[in-house]
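Reproduced below: model.cif, with mmCIF, C-alpha atoms.
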```
data_final
loop_
_atom_site.label_atom_id
_atom_site.label_comp_id
_atom_site.auth_asym_id
_atom_site.auth_seq_id
_atom_site.Cartn_x
_atom_site.Cartn_y
_atom_site.Cartn_z
CA MET A 20 -18.02 12.63 -10.96
CA PRO A 21 -21.05 10.42 -10.37
CA GLU A 22 -23.20 11.38 -7.40
CA LYS A 23 -22.70 7.94 -5.81
CA HIS A 24 -19.00 8.63 -5.26
CA GLN A 25 -19.68 12.00 -3.64
CA THR A 26 -21.96 10.49 -1.01
CA ILE A 27 -19.25 8.21 0.37
CA ALA A 28 -16.44 10.76 0.48
CA GLY A 29 -16.09 14.14 2.11
CA ALA A 30 -13.99 15.44 -0.78
CA THR A 31 -12.42 14.28 -3.99
CA ILE A 32 -9.05 14.91 -5.53
CA ASP A 33 -8.26 14.36 -9.21
CA TYR A 34 -6.16 11.37 -10.15
CA GLY A 35 -3.50 13.61 -11.69
CA ALA A 36 -3.18 15.69 -8.52
CA ALA A 37 -2.77 12.51 -6.47
CA ASP A 38 0.24 11.34 -8.51
CA ARG A 39 2.54 11.36 -5.47
CA LEU A 40 0.45 8.61 -3.87
CA PHE A 41 1.49 6.12 -6.55
CA PRO A 42 2.80 3.51 -6.35
CA VAL A 43 1.24 3.04 -2.92
CA GLU A 44 3.64 0.19 -2.11
CA GLU A 45 6.51 2.70 -2.03
CA LEU A 46 4.64 5.31 -0.01
CA ASP A 47 6.07 5.99 3.45
CA ALA A 48 2.71 6.05 5.22
CA THR A 49 0.16 3.76 6.84
CA VAL A 50 -1.48 2.00 3.90
CA VAL A 51 -4.11 -0.75 4.15
CA GLN A 52 -5.67 -2.56 1.23
CA TYR A 53 -8.49 -4.93 0.34
CA ARG A 54 -10.57 -6.10 3.32
CA ASP A 55 -8.49 -4.13 5.83
CA ALA A 56 -9.17 -0.96 3.86
CA GLN A 57 -12.89 -1.69 3.80
CA LEU A 58 -12.91 -2.20 7.57
CA ALA A 59 -10.91 0.99 8.16
CA LEU A 60 -13.26 3.01 5.97
CA ASP A 61 -16.32 1.49 7.65
CA ASP A 62 -15.04 2.81 11.00
CA VAL A 63 -14.99 6.47 9.91
CA ASP A 64 -17.63 8.86 8.69
CA GLY A 65 -17.63 9.29 4.90
CA SER A 66 -17.02 13.02 5.34
CA ALA A 67 -13.57 12.17 6.79
CA VAL A 68 -12.44 10.53 3.53
CA VAL A 69 -10.80 12.08 0.48
CA ALA A 70 -11.43 9.95 -2.59
CA VAL A 71 -9.11 9.90 -5.59
CA ALA A 72 -11.39 10.57 -8.57
CA PRO A 73 -10.86 9.75 -12.24
CA THR A 74 -10.35 12.62 -14.63
CA ASN A 75 -10.78 10.70 -17.87
CA LEU A 76 -11.46 7.21 -19.21
CA ALA A 77 -7.88 6.04 -18.76
CA SER A 78 -7.62 7.17 -15.15
CA GLY A 79 -11.07 5.69 -14.47
CA TYR A 80 -9.88 2.35 -15.80
CA ARG A 81 -6.69 2.56 -13.73
CA LEU A 82 -8.62 3.33 -10.55
CA ALA A 83 -11.13 0.56 -11.23
CA GLN A 84 -8.25 -1.92 -11.46
CA HIS A 85 -6.62 -0.64 -8.27
CA PRO A 86 -7.46 -2.54 -5.09
CA LEU A 87 -9.40 -0.65 -2.47
CA THR A 88 -6.75 1.26 -0.54
CA ALA A 89 -7.01 3.49 2.53
CA ILE A 90 -4.08 5.75 3.43
CA ARG A 91 -4.01 7.52 6.80
CA VAL A 92 -3.68 11.24 6.15
CA ASP A 93 -1.72 11.95 9.33
CA THR A 94 1.04 9.52 8.27
CA LEU A 95 1.66 10.98 4.81
CA PRO A 96 5.06 12.55 4.13
CA ALA A 97 5.12 16.36 4.23
CA ALA A 98 5.61 16.77 0.46
CA VAL A 99 2.60 14.59 -0.30
CA ARG A 100 0.47 16.35 2.32
CA THR A 101 1.36 19.73 0.81
CA ARG A 102 0.47 18.57 -2.70
CA LEU A 103 -2.89 17.18 -1.60
CA ALA A 104 -3.70 20.20 0.58
CA ASP A 105 -3.13 22.52 -2.40
CA GLU A 106 -5.82 20.64 -4.33
CA LEU A 107 -8.50 20.63 -1.63
CA ASP A 108 -10.92 23.37 -0.62
CA ALA A 109 -10.97 22.13 2.99
CA PRO A 110 -7.94 21.70 5.26
CA LEU A 111 -6.31 18.29 4.81
CA ASP A 112 -6.29 17.79 8.59
CA ALA A 113 -10.10 17.57 8.47
CA PHE A 114 -9.76 14.14 6.84
CA GLU A 115 -8.63 10.79 8.22
CA PHE A 116 -8.10 8.75 5.06
CA VAL A 117 -7.37 9.04 1.37
CA ARG A 118 -9.27 6.34 -0.52
CA ILE A 119 -8.07 4.86 -3.79
CA GLY A 120 -10.25 2.39 -5.64
CA LYS A 121 -13.91 1.60 -5.44
CA ARG A 122 -15.45 1.14 -2.04
CA ASN A 123 -17.44 -2.05 -1.77
CA SER A 124 -21.13 -1.68 -1.16
CA GLU A 125 -23.88 -4.03 -0.19
CA SER A 126 -25.98 -5.02 -3.16
CA ALA A 127 -28.31 -7.85 -3.98
CA ASN A 128 -26.80 -10.86 -5.69
CA ARG A 129 -28.33 -10.77 -9.17
CA SER A 130 -28.67 -13.44 -11.81
CA LEU A 131 -29.55 -13.17 -15.49
CA ALA A 132 -32.27 -15.74 -14.85
CA GLU A 133 -34.26 -12.99 -13.10
CA PHE A 134 -34.63 -11.17 -16.38
CA ALA A 135 -35.57 -14.15 -18.57
CA ASP A 136 -39.30 -13.37 -18.38
CA ALA A 137 -38.90 -9.61 -18.74
#
```
As structure tokens, the full file:
Amino acid sequence: MPEKHQTIAGATIDYGAADRLFPVEELDATVVQYRDAQLALDDVDGSAVVAVAPTNLASGYRLAQHPLTAIRVDTLPAAVRTRLADELDAPLDAFEFVRIGKRNSESANRSLAEFADA
């Protein structure tokens, strides 16, 4: 797991252990995606977020293709909560959201023209 991902999440859970979260469209919980997910995640401390982490190249590709999604922990069905809690070292109630997908970050807009003289 790259260090960058650890700094924006309080904990991580392997993609395989988070299988009950997919497909998120069928999940009986509060789920927000895209811009709404970014705004929801911006409103909480990173330590209150559990990030779904890739376990191999295939799961990394799948997560990279998934839209940014934030799922409220307190709205998850009991079976899903139990499954996630079994995989975490900390109590699940210590977290507010489960994050799927890459969180957007501020970065400079780059152009290949910058590197023409390099």
For the structure shown, which residues end up in the PyMOL selection byres ((chain A and resi 118) around 12)? Put them as a short mmCIF file (atom, residue, chain, number, x, y, z; two decimals) with C-alpha atoms, in the frame of the given file, please?
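The result, stored in selection_23.cif:
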```
data_model
loop_
_atom_site.label_atom_id
_atom_site.label_comp_id
_atom_site.auth_asym_id
_atom_site.auth_seq_id
_atom_site.Cartn_x
_atom_site.Cartn_y
_atom_site.Cartn_z
CA HIS A 24 -19.00 8.63 -5.26
CA ILE A 27 -19.25 8.21 0.37
CA ALA A 28 -16.44 10.76 0.48
CA GLY A 29 -16.09 14.14 2.11
CA ALA A 30 -13.99 15.44 -0.78
CA THR A 31 -12.42 14.28 -3.99
CA ILE A 32 -9.05 14.91 -5.53
CA ASP A 33 -8.26 14.36 -9.21
CA TYR A 34 -6.16 11.37 -10.15
CA ALA A 37 -2.77 12.51 -6.47
CA LEU A 40 0.45 8.61 -3.87
CA VAL A 43 1.24 3.04 -2.92
CA VAL A 50 -1.48 2.00 3.90
CA VAL A 51 -4.11 -0.75 4.15
CA GLN A 52 -5.67 -2.56 1.23
CA TYR A 53 -8.49 -4.93 0.34
CA ALA A 56 -9.17 -0.96 3.86
CA GLN A 57 -12.89 -1.69 3.80
CA ALA A 59 -10.91 0.99 8.16
CA LEU A 60 -13.26 3.01 5.97
CA ASP A 61 -16.32 1.49 7.65
CA VAL A 63 -14.99 6.47 9.91
CA GLY A 65 -17.63 9.29 4.90
CA SER A 66 -17.02 13.02 5.34
CA ALA A 67 -13.57 12.17 6.79
CA VAL A 68 -12.44 10.53 3.53
CA VAL A 69 -10.80 12.08 0.48
CA ALA A 70 -11.43 9.95 -2.59
CA VAL A 71 -9.11 9.90 -5.59
CA ALA A 72 -11.39 10.57 -8.57
CA LEU A 82 -8.62 3.33 -10.55
CA HIS A 85 -6.62 -0.64 -8.27
CA PRO A 86 -7.46 -2.54 -5.09
CA LEU A 87 -9.40 -0.65 -2.47
CA THR A 88 -6.75 1.26 -0.54
CA ALA A 89 -7.01 3.49 2.53
CA ILE A 90 -4.08 5.75 3.43
CA ARG A 91 -4.01 7.52 6.80
CA VAL A 92 -3.68 11.24 6.15
CA PHE A 114 -9.76 14.14 6.84
CA GLU A 115 -8.63 10.79 8.22
CA PHE A 116 -8.10 8.75 5.06
CA VAL A 117 -7.37 9.04 1.37
CA ILE A 119 -8.07 4.86 -3.79
CA GLY A 120 -10.25 2.39 -5.64
CA LYS A 121 -13.91 1.60 -5.44
CA ARG A 122 -15.45 1.14 -2.04
CA ASN A 123 -17.44 -2.05 -1.77
#
```
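For the pair CA of Pro42 in chain A and CA of Pro96 in chain A, the separation is 14.0 Å.
Of note, CA of Gly35 in chain A and CA of Pro73 in chain A are spaced 8.3 Å apart.
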Separation of CA of Thr74 in chain A from CA of Leu46 in chain A in Å:
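Atom-to-atom, CA of Leu46 in chain A and CA of Thr74 in chain A are spaced 22.2 Å apart.
Candidate residues A:Arg102, A:Ala77, A:Asp62, A:Arg54 were compared for distance to Asp38 in chain A, and the nearest is A:Arg102, using all atoms listed in the file.
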Please identify all polymer residues within 7 Å of Leu95 in chain A, counting all atoms listed in the file, omitting same-chain residues fewer than 4 positions from it, and present them as a list in words.
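The residues that qualify are Asp47, Ala48, Arg91, Val99 and Arg100 of chain A.
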